[in-house]
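Text of data_37.cif, listed as mmCIF, C-alpha atoms:
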```cif
data_target
#
loop_
_atom_site.label_atom_id
_atom_site.label_comp_id
_atom_site.auth_asym_id
_atom_site.auth_seq_id
_atom_site.Cartn_x
_atom_site.Cartn_y
_atom_site.Cartn_z
CA MET N 1 0.00 0.00 0.00
CA LEU N 2 2.69 2.51 0.97
CA ASN N 3 4.78 1.83 -2.14
CA ALA N 4 1.78 2.55 -4.34
CA LEU N 5 1.45 5.98 -2.77
CA ALA N 6 5.08 7.06 -2.87
CA PRO N 7 6.34 9.60 -5.42
CA ASP N 8 9.72 8.67 -6.87
CA LYS N 9 11.57 11.50 -5.17
CA LEU N 10 10.56 10.53 -1.62
CA PRO N 11 12.22 7.59 0.15
CA THR N 12 9.87 4.62 0.52
CA ALA N 13 10.52 3.67 4.16
CA PRO N 14 9.13 5.98 6.87
CA LEU N 15 11.49 7.67 9.27
CA ILE N 16 9.77 6.35 12.42
CA SER N 17 7.34 3.44 12.70
CA LEU N 18 6.27 2.08 16.07
CA THR N 19 3.50 0.15 17.81
CA TRP N 20 2.40 0.64 21.42
CA THR N 21 0.36 -1.74 23.60
CA ASP N 22 -1.94 -0.40 26.29
CA HIS N 23 -1.08 -2.12 29.58
CA VAL N 24 -4.68 -1.78 30.82
CA THR N 25 -6.81 -3.02 27.91
CA GLY N 26 -4.31 -4.60 25.53
CA SER N 27 -5.37 -2.19 22.77
CA ARG N 28 -2.65 -1.33 20.28
CA GLY N 29 -1.71 2.07 18.94
CA HIS N 30 0.61 3.11 16.13
CA LEU N 31 2.68 6.12 15.16
CA VAL N 32 4.35 6.61 11.81
CA VAL N 33 6.45 9.67 11.06
CA ASP N 34 6.93 9.52 7.31
CA ARG N 35 9.19 12.58 6.91
CA LEU N 36 10.39 15.58 8.90
CA VAL N 37 10.64 18.98 7.25
CA ARG N 38 12.17 21.69 9.42
CA GLY N 39 12.28 19.00 12.11
CA VAL N 40 8.48 18.60 12.37
CA ALA N 41 5.74 16.39 10.91
CA SER N 42 1.98 16.96 10.85
CA GLY N 43 -0.90 14.49 10.93
CA GLY N 44 -3.93 13.58 13.02
CA VAL N 45 -4.66 10.60 15.25
CA ARG N 46 -7.55 8.30 14.43
CA MET N 47 -9.35 5.69 16.51
CA ARG N 48 -11.18 2.77 14.96
CA GLU N 49 -11.46 -0.92 15.60
CA GLY N 50 -9.09 -2.74 13.27
CA CYS N 51 -6.67 0.13 12.67
CA THR N 52 -3.33 -1.28 11.48
CA LEU N 53 0.27 -0.12 11.22
CA GLU N 54 0.11 -0.44 7.43
CA GLU N 55 -2.94 1.82 7.35
CA VAL N 56 -1.22 4.44 9.49
CA ALA N 57 1.89 4.29 7.31
CA GLY N 58 -0.15 4.97 4.18
CA LEU N 59 -1.90 7.88 5.90
CA ALA N 60 1.44 9.33 7.02
CA ARG N 61 2.79 9.24 3.45
CA GLY N 62 -0.40 10.96 2.34
CA MET N 63 0.23 13.71 4.88
CA THR N 64 3.71 14.31 3.45
CA MET N 65 2.09 14.81 0.06
CA LYS N 66 -0.68 17.09 1.38
CA GLU N 67 1.88 19.33 3.04
CA ALA N 68 3.96 19.61 -0.14
CA LEU N 69 0.98 20.28 -2.42
CA HIS N 70 0.05 23.44 -0.50
CA TYR N 71 3.56 24.87 -0.66
CA ASP N 72 3.49 28.56 -1.56
CA PRO N 73 6.85 30.36 -1.41
CA LYS N 74 5.02 33.65 -0.72
CA ALA N 75 3.13 32.31 2.31
CA ARG N 76 4.12 32.43 5.96
CA TYR N 77 3.14 28.78 6.30
CA VAL N 78 5.67 26.49 4.70
CA PRO N 79 5.42 22.68 4.58
CA LEU N 80 6.02 20.28 7.41
CA GLY N 81 6.61 16.57 7.02
CA GLY N 82 3.89 13.93 7.25
CA ALA N 83 2.90 11.72 10.17
CA LYS N 84 -0.12 9.86 11.49
CA GLY N 85 -1.30 8.18 14.67
CA GLY N 86 -3.82 5.37 14.91
CA ILE N 87 -5.42 3.38 17.73
CA ASP N 88 -7.08 -0.01 17.27
CA CYS N 89 -10.12 0.60 19.48
CA ASP N 90 -13.82 1.25 18.98
CA PRO N 91 -14.24 4.97 19.85
CA ARG N 92 -17.69 4.18 21.30
CA HIS N 93 -16.25 1.72 23.84
CA PRO N 94 -16.34 2.89 27.48
CA ASP N 95 -12.57 2.37 27.74
CA ALA N 96 -11.78 4.40 24.60
CA TYR N 97 -11.03 7.73 26.27
CA GLY N 98 -8.67 6.15 28.79
CA VAL N 99 -6.87 4.36 25.97
CA LEU N 100 -6.48 7.67 24.13
CA VAL N 101 -5.03 9.40 27.21
CA ARG N 102 -2.51 6.62 27.78
CA TYR N 103 -1.58 6.54 24.08
CA LEU N 104 -0.90 10.28 24.06
CA ARG N 105 1.08 9.99 27.28
CA ALA N 106 3.24 7.30 25.68
CA MET N 107 3.67 9.45 22.56
CA ARG N 108 4.48 12.58 24.58
CA PRO N 109 8.21 12.69 23.64
CA TYR N 110 7.26 12.79 19.95
CA LEU N 111 4.42 15.27 20.46
CA GLU N 112 6.74 17.60 22.35
CA SER N 113 9.52 17.41 19.79
CA CYS N 114 8.43 16.53 16.25
CA TRP N 115 4.77 15.47 15.81
CA ALA N 116 1.88 17.95 15.59
CA THR N 117 -1.49 16.20 15.67
CA GLY N 118 -5.25 16.72 15.89
CA GLU N 119 -8.54 14.95 15.30
CA ASP N 120 -9.11 12.26 12.71
CA LEU N 121 -11.60 9.46 12.17
CA GLY N 122 -13.43 8.46 15.35
CA LEU N 123 -12.24 11.43 17.42
CA THR N 124 -13.21 15.08 17.79
CA GLN N 125 -10.72 17.87 18.34
CA ASP N 126 -12.25 18.62 21.74
CA THR N 127 -11.68 15.02 22.80
CA VAL N 128 -8.09 14.99 21.56
CA GLU N 129 -7.29 18.30 23.27
CA ARG N 130 -8.85 17.19 26.55
CA ALA N 131 -6.96 13.89 26.50
CA ALA N 132 -3.72 15.67 25.57
CA ALA N 133 -4.05 17.99 28.57
CA GLU N 134 -4.66 14.99 30.83
CA ALA N 135 -1.56 13.36 29.34
CA GLY N 136 0.52 16.38 30.39
CA LEU N 137 0.86 18.13 27.03
CA THR N 138 0.68 21.87 26.52
CA SER N 139 -0.99 21.46 23.14
CA THR N 140 -1.36 18.87 20.41
CA VAL N 141 0.63 21.16 18.08
CA GLN N 142 3.35 22.30 20.48
CA ALA N 143 6.08 20.76 18.30
CA VAL N 144 5.43 23.56 15.80
CA TYR N 145 5.85 26.40 18.31
CA PRO N 146 9.62 26.83 17.79
CA LEU N 147 8.92 27.60 14.11
CA LEU N 148 6.61 30.54 14.89
CA ASP N 149 7.71 34.18 14.75
CA ASP N 150 5.32 35.17 17.55
CA GLU N 151 4.14 32.12 19.48
CA GLU N 152 1.76 34.01 21.77
CA ALA N 153 -0.04 35.77 18.90
CA ALA N 154 -0.17 32.56 16.84
CA ARG N 155 -1.67 30.52 19.67
CA ALA N 156 -4.23 33.22 20.37
CA ARG N 157 -5.17 33.35 16.68
CA LEU N 158 -5.73 29.58 16.53
CA THR N 159 -7.73 29.61 19.77
CA ASP N 160 -9.93 32.39 18.41
CA ALA N 161 -10.40 30.48 15.14
CA PHE N 162 -11.56 27.38 16.99
CA ALA N 163 -14.04 29.55 18.89
CA CYS N 164 -15.60 30.83 15.63
CA GLU N 165 -18.99 29.42 14.69
CA VAL N 166 -21.14 29.59 11.56
CA ASP N 167 -24.82 28.88 12.21
CA GLY N 168 -23.86 27.14 15.43
CA ILE N 169 -21.17 24.94 13.81
CA GLY N 170 -17.49 25.41 14.62
CA LEU N 171 -15.26 26.80 11.90
CA ASP N 172 -12.84 23.91 12.49
CA GLU N 173 -15.67 21.47 11.65
CA LEU N 174 -16.45 23.28 8.39
CA ALA N 175 -13.00 24.01 6.93
CA GLY N 176 -12.29 20.53 5.57
CA GLY N 177 -15.75 20.11 4.06
CA CYS N 178 -15.46 23.50 2.39
CA GLY N 179 -12.31 22.22 0.67
CA VAL N 180 -13.92 18.93 -0.40
CA ALA N 181 -16.94 20.77 -1.79
CA GLU N 182 -14.68 23.12 -3.72
CA ALA N 183 -12.89 20.11 -5.20
CA VAL N 184 -16.24 18.77 -6.42
CA LEU N 185 -17.29 22.14 -7.83
CA SER N 186 -13.92 22.59 -9.55
CA ALA N 187 -14.27 19.18 -11.23
CA LEU N 188 -17.78 20.08 -12.40
CA ASP N 189 -16.57 23.41 -13.74
CA ASP N 190 -13.73 21.71 -15.59
CA ALA N 191 -16.27 19.38 -17.22
CA ARG N 192 -18.65 22.33 -17.86
CA MET N 193 -21.35 20.56 -15.90
CA PRO N 194 -24.00 22.70 -14.16
CA TYR N 195 -24.44 22.43 -10.41
CA GLU N 196 -28.23 22.37 -10.64
CA GLY N 197 -29.33 18.79 -11.21
CA THR N 198 -25.98 17.22 -10.28
CA ARG N 199 -26.59 14.40 -7.80
CA VAL N 200 -24.30 13.51 -4.90
CA ALA N 201 -24.09 10.49 -2.60
CA LEU N 202 -21.95 10.50 0.55
CA GLN N 203 -20.68 7.74 2.77
CA GLY N 204 -20.28 9.31 6.19
CA LEU N 205 -22.03 12.30 7.73
CA GLY N 206 -19.50 13.12 10.43
CA THR N 207 -17.36 16.26 10.50
CA MET N 208 -16.02 15.96 6.95
CA GLY N 209 -19.03 14.38 5.26
CA GLY N 210 -21.53 16.62 7.00
CA ALA N 211 -19.76 19.85 6.10
CA THR N 212 -19.26 18.65 2.52
CA ALA N 213 -22.97 17.86 2.19
CA ARG N 214 -23.84 21.27 3.57
CA PHE N 215 -21.62 23.25 1.18
CA LEU N 216 -22.66 21.20 -1.86
CA SER N 217 -26.33 21.58 -1.03
CA GLN N 218 -25.88 25.32 -0.63
CA ALA N 219 -24.16 25.43 -4.04
CA GLY N 220 -27.26 23.91 -5.66
CA LEU N 221 -26.30 20.25 -5.95
CA THR N 222 -28.80 17.56 -4.92
CA VAL N 223 -27.73 15.20 -2.17
CA VAL N 224 -29.61 11.97 -2.96
CA ALA N 225 -28.00 9.57 -0.46
CA VAL N 226 -26.05 9.55 2.79
CA ALA N 227 -24.75 6.52 4.67
CA ASP N 228 -23.92 6.08 8.34
CA VAL N 229 -23.36 3.05 10.58
CA ARG N 230 -27.10 2.27 10.57
CA GLY N 231 -27.47 2.14 6.79
CA THR N 232 -28.07 4.35 3.76
CA ILE N 233 -30.77 7.02 3.52
CA VAL N 234 -31.89 7.63 -0.07
CA ASN N 235 -34.24 10.03 -1.80
CA PRO N 236 -33.83 10.51 -5.59
CA ALA N 237 -35.60 13.86 -5.31
CA GLY N 238 -33.09 15.08 -2.74
CA LEU N 239 -32.60 14.78 1.02
CA ASP N 240 -33.13 17.58 3.54
CA VAL N 241 -29.46 18.01 4.37
CA GLU N 242 -29.94 20.52 7.17
CA ALA N 243 -32.49 18.30 8.91
CA LEU N 244 -30.14 15.31 8.73
CA LEU N 245 -27.22 17.35 10.04
CA GLY N 246 -29.30 18.61 12.93
CA ALA N 247 -30.25 15.05 13.88
CA ARG N 248 -26.70 13.60 14.05
CA ASP N 249 -24.98 12.34 17.15
CA SER N 250 -21.28 13.01 17.80
CA PHE N 251 -20.31 10.05 15.59
CA GLY N 252 -22.38 11.21 12.59
CA THR N 253 -25.28 8.76 13.07
CA VAL N 254 -28.63 10.23 12.02
CA ASP N 255 -31.79 9.91 14.12
CA ARG N 256 -34.25 8.33 11.69
CA ALA N 257 -37.14 10.18 13.32
CA VAL N 258 -36.37 13.19 11.07
CA LEU N 259 -36.81 11.27 7.80
CA ARG N 260 -39.50 12.63 5.50
CA GLU N 261 -41.99 10.94 3.22
CA GLY N 262 -39.97 9.81 0.21
CA ASP N 263 -36.82 9.13 2.22
CA ARG N 264 -35.98 5.41 2.09
CA GLU N 265 -33.72 3.35 4.32
CA MET N 266 -31.47 0.91 2.49
CA PRO N 267 -28.55 -1.37 3.50
CA GLY N 268 -25.24 0.13 4.58
CA ASP N 269 -23.44 -0.47 1.29
CA ALA N 270 -26.25 0.84 -0.91
CA TRP N 271 -24.52 4.22 -1.25
CA LEU N 272 -22.05 2.62 -3.66
CA ALA N 273 -24.64 1.88 -6.32
CA VAL N 274 -26.97 4.86 -5.99
CA ASP N 275 -27.78 6.56 -9.31
CA THR N 276 -25.61 9.64 -8.87
CA ASP N 277 -23.03 11.81 -10.59
CA VAL N 278 -20.60 12.29 -7.70
CA LEU N 279 -19.72 9.74 -5.03
CA VAL N 280 -18.03 11.07 -1.88
CA PRO N 281 -16.61 8.45 0.49
CA ALA N 282 -16.12 10.54 3.63
CA ALA N 283 -15.60 8.06 6.44
CA LEU N 284 -13.60 4.83 6.31
CA SER N 285 -10.49 3.71 4.44
CA TYR N 286 -10.48 0.80 1.96
CA VAL N 287 -14.26 0.85 1.29
CA ILE N 288 -14.06 0.55 -2.51
CA ASP N 289 -12.17 -2.53 -3.65
CA CYS N 290 -12.06 -4.94 -6.59
CA THR N 291 -15.09 -6.85 -5.33
CA ASN N 292 -17.49 -3.89 -5.26
CA GLN N 293 -16.10 -1.26 -7.66
CA HIS N 294 -18.32 -2.62 -10.45
CA ARG N 295 -21.36 -1.30 -8.54
CA VAL N 296 -20.23 2.32 -8.88
CA THR N 297 -22.00 4.24 -11.64
CA ALA N 298 -21.00 7.79 -10.66
CA ARG N 299 -18.85 9.87 -13.02
CA TRP N 300 -16.56 11.04 -10.21
CA ILE N 301 -15.38 9.59 -6.92
CA VAL N 302 -14.14 12.41 -4.70
CA GLU N 303 -12.11 11.06 -1.78
CA ALA N 304 -13.05 13.06 1.30
CA ALA N 305 -11.88 10.15 3.48
CA ASN N 306 -8.28 8.97 3.59
CA MET N 307 -7.51 6.05 1.26
CA PRO N 308 -11.10 4.93 0.60
CA VAL N 309 -10.32 3.43 -2.83
CA LEU N 310 -7.80 0.61 -3.10
CA PRO N 311 -5.21 1.05 -5.90
CA ALA N 312 -6.31 -2.02 -7.88
CA ALA N 313 -9.93 -0.88 -7.71
CA GLU N 314 -8.93 2.60 -8.86
CA SER N 315 -7.28 1.11 -11.95
CA LEU N 316 -10.51 -0.70 -12.81
CA LEU N 317 -12.59 2.41 -12.20
CA THR N 318 -10.29 4.48 -14.42
CA THR N 319 -10.65 1.90 -17.18
CA ARG N 320 -14.43 2.30 -16.89
CA GLY N 321 -14.13 6.07 -17.30
CA ILE N 322 -14.74 6.96 -13.65
CA ALA N 323 -12.38 9.66 -12.38
CA VAL N 324 -11.04 9.33 -8.83
CA MET N 325 -10.09 12.66 -7.29
CA PRO N 326 -7.42 11.68 -4.74
CA ASP N 327 -7.58 12.23 -0.99
CA VAL N 328 -4.17 13.92 -0.82
CA VAL N 329 -5.71 16.77 -2.81
CA VAL N 330 -9.41 16.66 -1.91
CA ASN N 331 -9.26 16.64 1.90
CA SER N 332 -6.05 18.64 2.27
CA ALA N 333 -7.77 21.86 3.35
CA THR N 334 -8.37 20.56 6.88
CA ASN N 335 -4.65 20.35 7.57
CA ALA N 336 -3.79 23.50 5.61
CA TRP N 337 -6.39 25.63 7.43
CA TRP N 338 -4.73 24.88 10.77
CA TRP N 339 -1.35 26.06 9.54
CA TRP N 340 -2.60 29.04 7.50
CA THR N 341 -4.22 30.24 10.73
CA LEU N 342 -1.39 29.44 13.12
CA PHE N 343 1.33 30.92 10.91
CA GLY N 344 -0.76 34.02 10.15
CA ASP N 345 -1.73 33.75 6.48
CA ILE N 346 -5.37 34.14 7.53
CA GLY N 347 -7.08 35.41 10.65
CA ALA N 348 -9.74 33.95 12.91
CA ASP N 349 -12.55 34.86 10.54
CA PRO N 350 -14.89 32.41 8.73
CA ASP N 351 -15.31 34.52 5.60
CA GLU N 352 -11.56 34.96 5.23
CA ALA N 353 -10.97 31.26 5.92
CA PHE N 354 -13.54 30.06 3.39
CA ALA N 355 -12.27 32.47 0.72
CA HIS N 356 -8.68 31.31 1.25
CA ILE N 357 -9.67 27.63 1.21
CA ARG N 358 -11.72 28.04 -1.95
CA GLY N 359 -9.01 29.95 -3.77
CA SER N 360 -6.28 27.51 -2.76
CA MET N 361 -8.35 24.43 -3.64
CA ARG N 362 -9.37 25.93 -6.98
CA ASP N 363 -5.73 26.52 -7.84
CA LEU N 364 -4.67 23.05 -6.68
CA ILE N 365 -7.43 21.19 -8.54
CA ALA N 366 -6.69 23.19 -11.69
CA ARG N 367 -3.01 22.24 -11.49
CA VAL N 368 -3.81 18.57 -10.90
CA LEU N 369 -6.31 18.35 -13.76
CA ALA N 370 -4.02 20.25 -16.13
CA ARG N 371 -1.11 17.94 -15.26
CA ALA N 372 -3.32 14.86 -15.72
CA GLU N 373 -4.38 16.06 -19.16
CA ALA N 374 -0.82 16.99 -20.19
CA ASP N 375 0.64 13.67 -19.02
CA GLY N 376 -2.31 11.53 -20.07
CA THR N 377 -2.62 10.16 -16.53
CA ALA N 378 -5.20 9.85 -13.78
CA PRO N 379 -5.53 12.68 -11.20
CA ARG N 380 -3.67 10.71 -8.50
CA ALA N 381 -0.64 10.20 -10.72
CA ALA N 382 -0.77 13.89 -11.59
CA ALA N 383 -0.78 14.82 -7.88
CA HIS N 384 2.23 12.54 -7.31
CA ALA N 385 4.04 14.23 -10.19
CA LEU N 386 3.35 17.67 -8.72
CA VAL N 387 4.77 16.57 -5.37
CA ALA N 388 7.87 15.15 -7.05
CA ASP N 389 8.38 18.51 -8.77
CA LEU N 390 8.02 20.41 -5.48
CA VAL N 391 10.34 18.27 -3.34
CA PRO N 392 13.62 19.68 -4.73
CA GLU N 393 12.46 23.27 -4.19
CA ILE N 394 11.27 22.59 -0.64
CA THR N 395 14.46 20.65 0.12
CA GLU N 396 16.68 23.44 -1.20
CA ARG N 397 14.91 26.01 0.98
CA PHE N 398 14.33 24.05 4.19
CA GLY N 399 16.67 21.07 4.20
CA THR N 400 16.45 17.44 3.23
CA TYR N 401 13.35 15.34 3.81
CA ARG N 402 14.62 12.97 6.48
#
```

Starting from the coordinates I provided, produce the structure as structure tokens.
Amino acid sequence: MLNALAPDKLPTAPLISLTWTDHVTGSRGHLVVDRLVRGVASGGVRMREGCTLEEVAGLARGMTMKEALHYDPKARYVPLGGAKGGIDCDPRHPDAYGVLVRYLRAMRPYLESCWATGEDLGLTQDTVERAAAEAGLTSTVQAVYPLLDDEEAARARLTDAFACEVDGIGLDELAGGCGVAEAVLSALDDARMPYEGTRVALQGLGTMGGATARFLSQAGLTVVAVADVRGTIVNPAGLDVEALLGARDSFGTVDRAVLREGDREMPGDAWLAVDTDVLVPAALSYVIDCTNQHRVTARWIVEAANMPVLPAAESLLTTRGIAVMPDVVVNSATNAWWWWTLFGDIGADPDEAFAHIRGSMRDLIARVLARAEADGTAPRAAAHALVADLVPEITERFGTYR
């Protein structure tokens, strides 16, 4: 898996790869630091039952790529390396929070020196921050502090940004979905396809999937299906996105009491085969493989989740004329928003944040699609090529990827 994701100009093996065992529950946790740039790597920590070291390694390599793709020599924020943490535990289990605290305590030397982290699948930022404080950490991003020109002002700016709300929803919960939605809209614009009448199906209605659904609905697209752990909700005429979002629990599960006449409940994997134009996997990794890819009829798969499409399945989808917009591009705004804010490229203001995200994602998608057309490759290969082109410039300015 990792080899398939690695651009030629980055070493294949990660810098640090380790597994930890919780002495209380026996749960296992992993940390992979793929690369350090300026001595630091960035990447969230996820919690899900079945999380593996291989999965975390692939996610860490993806983070290295996401950081490089948003490199702008004129910006205050300049790339970090990539890392990822993962815990093999059901986040709904009563022991989950204690496991998280002990994992972060064990990882404290890395978090204090070289790994900046935050929420990922199965965890909220509030939960991660609370557990980090209990584990004795100043912040989940304290490894970045030595790189800041004015640490006090930067920390205050990020705190203020996390306190911002839009219609009762935190700006931090909306930033990533804004970027995913802009990736979808950019692909539609490139294909000269109108927003009105374009149908979307999403797997996952948590932080990323929910915000994506909201922005796409506001842009005029029709959300015809959403899937959560209880199954798939479908309405060919369009779902009431705001009602579904208002009826979610903290894990993105929708209270079926809000369903309207015309909304149908279908099995959990029905989202794959819904008659739609755009398919957005926004929850789990490895959900589209060689055994189920034939069910997909959408024109685009836009990867809001990390690694939802297996490489062999992507090859088959590409052969069938289905474009896969890769996660390292599509969901990269979540990570970038943190650093644009902390380093001072944007302030703690939703309008400024959304404008910056939209502009950056528009530029990035345009570069990826133009490279794919010029090289005659799929979008993922084009993104890899862009990273390979950027590595020498970043290395010359900030030192070797190591």

Practice item. Please check which residues have atoms at most 12 Å from (-13.3, 15.8, 20.4) in the file's coordinates, counting only C-alpha atoms, and write them as a ChimeraX atom specification. Key: /N:45-47,91,97,100,118-132,170,172-173,207,250-251

Practice item. Identify, on the basis of all atoms listed in the file, every residue whose closest approach to Pro79 in chain N does not exceed 10 Å; exclude the query and any residue fewer than 2 positions from it along the same chain; express the result as an MDAnalysis selection string. Key: chainID N and resid 36:38 40:42 64:73 76:77 81:82 336 339 394 398

Exercise for review: Please provide as a ChimeraX atom specification all residues within 10 Å of Arg256 in chain N, with the sequence filter that same-chain residues fewer than 6 positions apart are discarded (counting only C-alpha atoms).
Suggested key: /N:230,233,244,247-248,263,265

How would you write, as a compact mmCIF listing (two decimals) with C-alpha atoms, in the frame of the given file, the residues chosen by the PyMOL selection byres ((chain N and resi 291) around 12) on this structure?
```txt
# COMPACT_ATOMS: atom_id res chain seq x y z
CA LEU N 272 -22.05 2.62 -3.66
CA TYR N 286 -10.48 0.80 1.96
CA VAL N 287 -14.26 0.85 1.29
CA ILE N 288 -14.06 0.55 -2.51
CA ASP N 289 -12.17 -2.53 -3.65
CA CYS N 290 -12.06 -4.94 -6.59
CA ASN N 292 -17.49 -3.89 -5.26
CA GLN N 293 -16.10 -1.26 -7.66
CA HIS N 294 -18.32 -2.62 -10.45
CA ARG N 295 -21.36 -1.30 -8.54
CA VAL N 296 -20.23 2.32 -8.88
CA VAL N 309 -10.32 3.43 -2.83
CA LEU N 310 -7.80 0.61 -3.10
CA ALA N 312 -6.31 -2.02 -7.88
CA ALA N 313 -9.93 -0.88 -7.71
CA GLU N 314 -8.93 2.60 -8.86
CA LEU N 316 -10.51 -0.70 -12.81
CA LEU N 317 -12.59 2.41 -12.20
```

Could you spell out the hits of the PyMOL selection byres ((chain N and resi 299) around 10) on the shown file, as an mmCIF file with C-alpha atoms, keeping the file's coordinate frame?
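The resulting out_23.cif:
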```cif
data_model
loop_
_atom_site.group_PDB
_atom_site.id
_atom_site.type_symbol
_atom_site.label_atom_id
_atom_site.label_comp_id
_atom_site.auth_asym_id
_atom_site.auth_seq_id
_atom_site.Cartn_x
_atom_site.Cartn_y
_atom_site.Cartn_z
ATOM 1 C CA THR N 276 -25.610 9.640 -8.870
ATOM 2 C CA ASP N 277 -23.030 11.810 -10.590
ATOM 3 C CA VAL N 278 -20.600 12.290 -7.700
ATOM 4 C CA LEU N 279 -19.720 9.740 -5.030
ATOM 5 C CA VAL N 296 -20.230 2.320 -8.880
ATOM 6 C CA THR N 297 -22.000 4.240 -11.640
ATOM 7 C CA ALA N 298 -21.000 7.790 -10.660
ATOM 8 C CA TRP N 300 -16.560 11.040 -10.210
ATOM 9 C CA ILE N 301 -15.380 9.590 -6.920
ATOM 10 C CA VAL N 302 -14.140 12.410 -4.700
ATOM 11 C CA LEU N 317 -12.590 2.410 -12.200
ATOM 12 C CA ARG N 320 -14.430 2.300 -16.890
ATOM 13 C CA GLY N 321 -14.130 6.070 -17.300
ATOM 14 C CA ILE N 322 -14.740 6.960 -13.650
ATOM 15 C CA ALA N 323 -12.380 9.660 -12.380
ATOM 16 C CA VAL N 324 -11.040 9.330 -8.830
#
```

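Closest to Asp349 in chain N among N:Glu261, N:Glu165, N:Glu152, N:Asp90 is N:Glu165, based on only C-alpha atoms.
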
Review point. For Gly136 in chain N, which residue among N:Glu396, N:Leu111, N:Thr117, N:Gly347 is the nearest when counting all atoms listed in the file?
Key: N:Leu111

**Study point:** Near-Ala366 in chain N list (9 Å; all atoms listed in the file; drop same-chain fewer than 5 positions) as a count of residues only
**Key:** 5

Check your understanding: So how far away is CA of Gly197 in chain N from CA of Ala219 in chain N, in Å?
Key -> 11.1 Å

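Residue nearest Arg61 in chain N, chosen from N:Ala227, N:Ala282, N:Leu137, N:Val328 and counting only C-alpha atoms: N:Val328.
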
**Study point:** Interatomic distance, CA of Ile365 in chain N to CA of Ala175 in chain N (Å, one decimal)
**Key:**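 These atoms are spaced 16.7 Å apart.
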
Check your understanding: Of the candidates N:Arg157, N:His356, N:Arg380, N:Arg367, which shows the shortest atom-to-atom distance to Met325 in chain N, using only C-alpha atoms?
Key ->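 Between N:Arg157, N:His356, N:Arg380, N:Arg367, the residue approaching Met325 in chain N most closely is N:Arg380.
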
Check your understanding: With only C-alpha atoms as the basis for distance, which of N:Gly376, N:Gly209, N:Gly85, N:Pro94 is at the shortest distance from Ile16 in chain N?
Key -> N:Gly85

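All protein, DNA and RNA residues at most 9 Å from (-2.7, 10.3, 30.5) are Gly98, Val99, Leu100, Val101, Arg102, Tyr103, Leu104, Arg105, Ala106, Ala131, Ala132, Ala133, Glu134, Ala135 and Gly136 of chain N, using only C-alpha atoms.
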
Can you spit out the residues from that selection as a PDB file, in the coordinates of the input, using C-alpha atoms?
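Okay, this is what ended up in again-v4.pdb:
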```pdb
ATOM      1  CA  GLY N  98      -8.670   6.150  28.790  1.00  0.00           C
ATOM      2  CA  VAL N  99      -6.870   4.360  25.970  1.00  0.00           C
ATOM      3  CA  LEU N 100      -6.480   7.670  24.130  1.00  0.00           C
ATOM      4  CA  VAL N 101      -5.030   9.400  27.210  1.00  0.00           C
ATOM      5  CA  ARG N 102      -2.510   6.620  27.780  1.00  0.00           C
ATOM      6  CA  TYR N 103      -1.580   6.540  24.080  1.00  0.00           C
ATOM      7  CA  LEU N 104      -0.900  10.280  24.060  1.00  0.00           C
ATOM      8  CA  ARG N 105       1.080   9.990  27.280  1.00  0.00           C
ATOM      9  CA  ALA N 106       3.240   7.300  25.680  1.00  0.00           C
ATOM     10  CA  ALA N 131      -6.960  13.890  26.500  1.00  0.00           C
ATOM     11  CA  ALA N 132      -3.720  15.670  25.570  1.00  0.00           C
ATOM     12  CA  ALA N 133      -4.050  17.990  28.570  1.00  0.00           C
ATOM     13  CA  GLU N 134      -4.660  14.990  30.830  1.00  0.00           C
ATOM     14  CA  ALA N 135      -1.560  13.360  29.340  1.00  0.00           C
ATOM     15  CA  GLY N 136       0.520  16.380  30.390  1.00  0.00           C
TER      16      GLY N 136
END
```

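Of note, CA of Pro379 in chain N and CA of Pro326 in chain N are spaced 6.8 Å apart.
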